[in-house]
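**Student:** Okay, here's the structure, questions in a sec.
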Amino acid sequence: MTLSICFTFIIIACGSAKIAGAQKAFAQYGKEEQLTDSFLHALQRQNDIVIATAIENNSFAKTITYQILAMKNGGWKGYKYVNSSRSPGLRVNEMNVPKAAGDSLILFLKQIEVWKIKNDEGRTTCNAVINDGSTWHLFIIMPTRVIESSFYEPEFYQQNCSNANRKLFLDAINKIRQVFVQ
């Protein structure tokens, strides 16, 4: 019995050390920034790390739809958040996130070295063109630093003229989305 408790403690300690290592890697590559969106800024101040996706659409009104995972003291919370110029006030839905899902995500993002993803800056050399689409964002947010990457209509352009950076970006986005499906 005592031996199994010791092994459990060692496994938990090793997992915590890996998460801390991932956080240090993210902080090393992030740029110093305080976010301007009030909800994200509050999460940035209140948590150890925040991982977020955002889909920004400007067709009829500026609408940004977020999926956010926030970790504080090893515990995870999820948020679905919509910020729209068409409707006043914020719409935020909160959910509990299993620790294993959040920890697995952060280790995956470190493994693919998410900080190396280069933005397409809204430009592509692809012959296929889409207008009035959405820009997708990926944020890794620490209390004083942020890693951000953005791609314009990444699924469409990946299907029509793939590239490695966009694929990594989509892999990260899809891994985050999986947490919200669980």
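Letters A, B, ... mark the chains of the structure tokens in the order given; residue numbers begin at 1 per chain; ligand numbers begin at 1, in order shown.
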I want to know what sits within 12 Å of A:Leu69, based on only C-alpha atoms, with residues of the same chain fewer than 5 positions away left out; could you give that as number ranges by chain?
**Tutor:** A: 40, 43-44, 47-54, 75-81, 93-99, 101-103, 105-106, 138-141, 175-180
**Student:** Could you write out, as a PyMOL selection string, all the residues of stretch 19-169 of chain A that DSSP marks as strand (DSSP E)?
**Tutor:** chain A and resi 31-32+49-57+63-72+75-84+91-97+134-141+145-152
**Student:** Excluding A:Ile55 and any residue of its chain fewer than 5 positions from it, enumerate the residues within 8 Å of it, using only C-alpha atoms, and give them as JSON, numbers by chain.
**Tutor:** {"A": [64, 65, 66, 134, 135, 136, 137]}
**Student:** Applying 6 Å and only C-alpha atoms, which residues near stretch 162-165 of chain A remain after dropping the ones on its own chain fewer than 3 positions away? List them as a PDB file with N, CA, C and O atoms, in the first residue's frame.
**Tutor:**
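The resulting file, around14.pdb, is reproduced below:
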ATOM      1  N   ILE A 117       5.550  28.595 -34.861  1.00  0.00           N
ATOM      2  CA  ILE A 117       4.589  28.766 -35.954  1.00  0.00           C
ATOM      3  C   ILE A 117       4.684  30.190 -36.487  1.00  0.00           C
ATOM      4  O   ILE A 117       4.594  31.152 -35.736  1.00  0.00           O
ATOM      5  N   GLN A 158      -5.233  25.286 -46.356  1.00  0.00           N
ATOM      6  CA  GLN A 158      -4.480  24.043 -46.146  1.00  0.00           C
ATOM      7  C   GLN A 158      -4.948  22.965 -47.133  1.00  0.00           C
ATOM      8  O   GLN A 158      -4.147  22.183 -47.626  1.00  0.00           O
ATOM      9  N   LEU A 168       0.749  22.831 -38.550  1.00  0.00           N
ATOM     10  CA  LEU A 168       1.002  22.868 -37.097  1.00  0.00           C
ATOM     11  C   LEU A 168      -0.052  23.704 -36.379  1.00  0.00           C
ATOM     12  O   LEU A 168      -0.542  23.332 -35.323  1.00  0.00           O
TER      13      LEU A 168
END
**Student:** Tell me which of A:Ser59, A:Thr144, A:Ser38, A:Gln67 sits closest to A:Val181, counting only C-alpha atoms.
**Tutor:**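 Going through A:Ser59, A:Thr144, A:Ser38, A:Gln67 one by one, the smallest distance to A:Val181 is for A:Gln67.
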**Student:** Could you go through stretch 80-136 of chain A and tell me which residues DSSP, when run on the backbone, assigns to alpha helix (DSSP H), listing them as a PyMOL selection string?
**Tutor:** chain A and resi 99-111
**Student:** As a list in words, please: the residues near A:Arg166 (cut-off 9 Å, only C-alpha atoms, same-chain neighbours under 6 positions excluded).
**Tutor:** Ile117, Lys118, Asn119, Asp120, Phe151, Pro154, Glu155, Tyr157 and Gln158 of chain A
**Student:** For A:Gln34, work out the shell of residues within 9 Å, counting only C-alpha atoms and skipping chain neighbours fewer than 6 positions away, then give it as number ranges by chain.
**Tutor:** A: 41, 44-45, 143-146
**Student:** With all heavy atoms retained, could you export that selection as an mmCIF file, in the first residue's frame?
**Tutor:**
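The result, stored in result_8.cif:
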data_model
loop_
_atom_site.group_PDB
_atom_site.id
_atom_site.type_symbol
_atom_site.label_atom_id
_atom_site.label_comp_id
_atom_site.auth_asym_id
_atom_site.auth_seq_id
_atom_site.Cartn_x
_atom_site.Cartn_y
_atom_site.Cartn_z
ATOM 1 N N HIS A 41 -7.780 39.807 -20.722
ATOM 2 C CA HIS A 41 -6.826 40.464 -19.822
ATOM 3 C C HIS A 41 -7.040 40.018 -18.374
ATOM 4 O O HIS A 41 -6.080 39.747 -17.644
ATOM 5 C CB HIS A 41 -6.936 41.985 -19.940
ATOM 6 C CG HIS A 41 -5.958 42.717 -19.092
ATOM 7 N ND1 HIS A 41 -4.604 42.751 -19.358
ATOM 8 C CD2 HIS A 41 -6.126 43.439 -17.956
ATOM 9 C CE1 HIS A 41 -3.985 43.458 -18.435
ATOM 10 N NE2 HIS A 41 -4.884 43.883 -17.576
ATOM 11 N N GLN A 44 -5.662 36.611 -18.068
ATOM 12 C CA GLN A 44 -4.201 36.694 -18.083
ATOM 13 C C GLN A 44 -3.664 37.025 -16.693
ATOM 14 O O GLN A 44 -2.701 36.422 -16.227
ATOM 15 C CB GLN A 44 -3.742 37.749 -19.097
ATOM 16 C CG GLN A 44 -2.238 37.886 -19.201
ATOM 17 C CD GLN A 44 -1.825 38.936 -20.225
ATOM 18 O OE1 GLN A 44 -2.586 39.837 -20.569
ATOM 19 N NE2 GLN A 44 -0.600 38.814 -20.711
ATOM 20 N N ARG A 45 -4.289 37.981 -16.017
ATOM 21 C CA ARG A 45 -3.843 38.400 -14.678
ATOM 22 C C ARG A 45 -4.109 37.343 -13.618
ATOM 23 O O ARG A 45 -3.363 37.222 -12.663
ATOM 24 C CB ARG A 45 -4.544 39.699 -14.276
ATOM 25 C CG ARG A 45 -4.024 40.928 -14.935
ATOM 26 C CD ARG A 45 -4.576 42.208 -14.285
ATOM 27 N NE ARG A 45 -5.875 42.058 -13.655
ATOM 28 C CZ ARG A 45 -7.042 42.423 -14.183
ATOM 29 N NH1 ARG A 45 -7.066 42.955 -15.373
ATOM 30 N NH2 ARG A 45 -8.170 42.258 -13.521
ATOM 31 N N PRO A 143 1.100 35.425 -17.491
ATOM 32 C CA PRO A 143 0.758 36.687 -16.815
ATOM 33 C C PRO A 143 1.354 37.943 -17.450
ATOM 34 O O PRO A 143 0.734 39.002 -17.400
ATOM 35 C CB PRO A 143 1.275 36.467 -15.393
ATOM 36 C CG PRO A 143 1.125 34.986 -15.193
ATOM 37 C CD PRO A 143 1.496 34.386 -16.531
ATOM 38 N N THR A 144 2.526 37.861 -18.048
ATOM 39 C CA THR A 144 3.112 39.064 -18.660
ATOM 40 C C THR A 144 3.534 38.852 -20.115
ATOM 41 O O THR A 144 3.988 39.785 -20.757
ATOM 42 C CB THR A 144 4.354 39.541 -17.876
ATOM 43 O OG1 THR A 144 5.324 38.494 -17.874
ATOM 44 C CG2 THR A 144 3.991 39.933 -16.453
ATOM 45 N N ARG A 145 3.377 37.643 -20.639
ATOM 46 C CA ARG A 145 3.867 37.349 -21.986
ATOM 47 C C ARG A 145 2.799 36.635 -22.803
ATOM 48 O O ARG A 145 1.930 35.958 -22.260
ATOM 49 C CB ARG A 145 5.130 36.514 -21.918
ATOM 50 C CG ARG A 145 6.234 37.207 -21.097
ATOM 51 C CD ARG A 145 7.527 36.461 -21.103
ATOM 52 N NE ARG A 145 8.327 36.648 -22.288
ATOM 53 C CZ ARG A 145 9.011 37.738 -22.610
ATOM 54 N NH1 ARG A 145 8.956 38.783 -21.831
ATOM 55 N NH2 ARG A 145 9.736 37.791 -23.694
ATOM 56 N N VAL A 146 2.887 36.792 -24.137
ATOM 57 C CA VAL A 146 1.901 36.200 -25.041
ATOM 58 C C VAL A 146 2.604 35.652 -26.279
ATOM 59 O O VAL A 146 3.486 36.304 -26.841
ATOM 60 C CB VAL A 146 0.856 37.246 -25.488
ATOM 61 C CG1 VAL A 146 -0.130 36.663 -26.483
ATOM 62 C CG2 VAL A 146 0.122 37.825 -24.296
#
